[in-house]
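Here the structure comes first, spelled out in structure tokens, and everything after it is commentary.
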Amino acid sequence: MGDPKRQRKKYVTPSHPWQKDRLYEELMLVGKYGLRNKRELWRLKTILSEIRSRARKLLAIPESERKKEEEALIRRLYIMGVLDKNAVLDDVLNLTVEDLLKRRLQTVVYEKGLAKTINQARQMIVHRHIMVSGRIVTAPGYIVKRDDVVEIHPRSAYIKLQKTIEEALSGIKESESAA
């Protein structure tokens, strides 16, 4: 039988290990989005392939039968923040792995300017300095939903550091204006 708590792979590895173009593309994505390893990229590629395969299966059935499932898929992707509200199945098939990478918490923290680099964003998340909708999240790969609010924890050392820097800068500006 097997242990019910057994962890299973959530990704599919590439079928051919040594394709120069794919290796280069993966390396660029890992560097650009600050991924720990290619496994994180493969996990998102697997999620994307499942979404696209579901869309292809929906296109194969008659339109009268697929309406409800099509709306559910598009609603799910809209909540994830990947598609617009009025998207169609062709938009689902046009999704790329970069669309999902842009919704990771690590990327959102960096793009909001809460961290200076993509790697600092990862460190802030792992060290419990980032909150999503009022809850501390420690997974850099967390997919941020459309309506989630990402902010620095109020008792974080980064907030204290920002305040001391602002006080120092205001003190310098006051001394310059007085002189």
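Going through the structure tokens in order, the chains are called A, B, and so on, while each chain numbers its residues from 1 and the ligands are numbered from 1 in the order shown.
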
**OP:** Just the residues within 6 Å of region 97-99 of chain A, please, counting only C-alpha atoms, with nothing from its chain fewer than 2 positions along; format it as number ranges by chain.
**Re:** A: 45, 101-102

Original post:
Out of region 87-117 of chain A, which residues get helix (DSSP H, G or I) from DSSP, as JSON, numbers by chain?
Top reply: {"A": [89, 90, 91, 92, 93, 97, 98, 99, 100, 101, 105, 106, 107, 108, 109, 110, 111]}

**OP:** Find the residues around Leu27 (chain A) up to 12 Å (only C-alpha atoms counted), leave out those fewer than 3 positions away in its own chain, and share them as a list in words.
**Re:**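 Those residues are Lys20, Asp21, Arg22, Leu23, Tyr24, Val30, Gly31, Lys32, Tyr33, Gly34, Leu35, Arg36, Asn37, Lys38, Arg39, Glu40, Leu41 and Trp42 of chain A.
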
Restricted to C-alpha atoms, what would the selected residues look like written as a tab-separated table (two decimals), in the first residue's frame?
```
chain	number	residue	atom	x	y	z
A	20	LYS	CA	21.34	23.54	-25.58
A	21	ASP	CA	18.51	25.98	-26.34
A	22	ARG	CA	16.29	24.67	-23.53
A	23	LEU	CA	19.17	24.67	-21.03
A	24	TYR	CA	20.04	28.28	-21.93
A	30	VAL	CA	16.29	30.87	-13.13
A	31	GLY	CA	18.56	33.91	-13.00
A	32	LYS	CA	15.93	36.50	-13.91
A	33	TYR	CA	13.35	35.31	-11.39
A	34	GLY	CA	15.79	34.25	-8.65
A	35	LEU	CA	14.77	30.61	-8.52
A	36	ARG	CA	16.70	28.28	-6.24
A	37	ASN	CA	16.99	25.55	-8.85
A	38	LYS	CA	15.41	24.34	-12.06
A	39	ARG	CA	12.98	22.18	-10.12
A	40	GLU	CA	11.02	25.31	-9.20
A	41	LEU	CA	10.80	26.18	-12.89
A	42	TRP	CA	9.77	22.64	-13.84
```

Original post:
Can you tell me, as a PyMOL selection string, what residues are no more than 12 Å from Gln120 (chain A) when counting only C-alpha atoms, ignoring any on the same chain fewer than 4 positions away?
Top reply: chain A and resi 33-35+106-107+109-111+113-116+124-127+129-130+140+158

Original post:
Between A:Leu105, A:Leu29, A:Lys57, A:Arg155, which one has atoms that come closest to Thr138 (chain A), using only C-alpha atoms?
Top reply: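 Going through A:Leu105, A:Leu29, A:Lys57, A:Arg155 one by one, the smallest distance to Thr138 (chain A) is for A:Leu105.
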
**OP:** Name the closest residue to Ile152 (chain A) among the candidates A:Leu83, A:Leu95, A:Ala72, A:Ala121; distances are taken between atoms, counting only C-alpha atoms.
**Re:**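 Using only C-alpha atoms, Ile152 (chain A) sits closest to A:Ala121.
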
Original post:
Quick one: residues within 12 Å of Arg56 (chain A), only C-alpha atoms counted, chain neighbours fewer than 6 positions away excluded, as number ranges by chain?
Top reply: A: 49-50, 66, 70, 73, 89-94

Original post:
Can you list, as a PyMOL selection string, every residue of region 114-176 of chain A that DSSP puts in strand (DSSP E)?
Top reply: chain A and resi 130-132+135-136+150-152

What would the file look like if the residues just selected were written as a PDB file, in the first residue's frame with N, CA and C atoms?
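The file below, out-v2.pdb, is the result:
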```
ATOM      1  N   ILE A 130       7.675  39.244   5.229  1.00  0.00           N
ATOM      2  CA  ILE A 130       6.640  39.587   4.245  1.00  0.00           C
ATOM      3  C   ILE A 130       5.302  38.982   4.646  1.00  0.00           C
ATOM      4  N   MET A 131       4.256  39.809   4.517  1.00  0.00           N
ATOM      5  CA  MET A 131       2.900  39.367   4.804  1.00  0.00           C
ATOM      6  C   MET A 131       2.070  39.444   3.520  1.00  0.00           C
ATOM      7  N   VAL A 132       1.182  38.458   3.358  1.00  0.00           N
ATOM      8  CA  VAL A 132       0.237  38.458   2.244  1.00  0.00           C
ATOM      9  C   VAL A 132      -1.156  38.458   2.851  1.00  0.00           C
ATOM     10  N   ARG A 135      -1.195  37.720   6.626  1.00  0.00           N
ATOM     11  CA  ARG A 135      -0.589  36.487   7.109  1.00  0.00           C
ATOM     12  C   ARG A 135       0.842  36.384   6.619  1.00  0.00           C
ATOM     13  N   ILE A 136       1.738  35.936   7.493  1.00  0.00           N
ATOM     14  CA  ILE A 136       3.127  35.753   7.106  1.00  0.00           C
ATOM     15  C   ILE A 136       3.222  34.531   6.200  1.00  0.00           C
ATOM     16  N   VAL A 150       0.307  42.502  -0.570  1.00  0.00           N
ATOM     17  CA  VAL A 150       1.653  42.125  -0.148  1.00  0.00           C
ATOM     18  C   VAL A 150       2.289  43.317   0.536  1.00  0.00           C
ATOM     19  N   GLU A 151       2.787  43.092   1.773  1.00  0.00           N
ATOM     20  CA  GLU A 151       3.407  44.184   2.536  1.00  0.00           C
ATOM     21  C   GLU A 151       4.471  43.632   3.466  1.00  0.00           C
ATOM     22  N   ILE A 152       5.290  44.535   3.989  1.00  0.00           N
ATOM     23  CA  ILE A 152       6.310  44.150   4.964  1.00  0.00           C
ATOM     24  C   ILE A 152       5.646  44.048   6.334  1.00  0.00           C
TER      25      ILE A 152
END
```

Original post:
With only C-alpha atoms as the basis for distance, which of A:Glu69, A:Asp84, A:Glu63, A:Asp148 is at the shortest distance from Arg104 (chain A)?
Top reply: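 Looking only at the distances to Arg104 (chain A), the closest residue turns out to be A:Asp148.
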
**OP:** May I ask for the distance between CA of Asp3 (chain A) and CA of Arg43 (chain A), given in Å to one decimal place?
**Re:** 22.8 Å
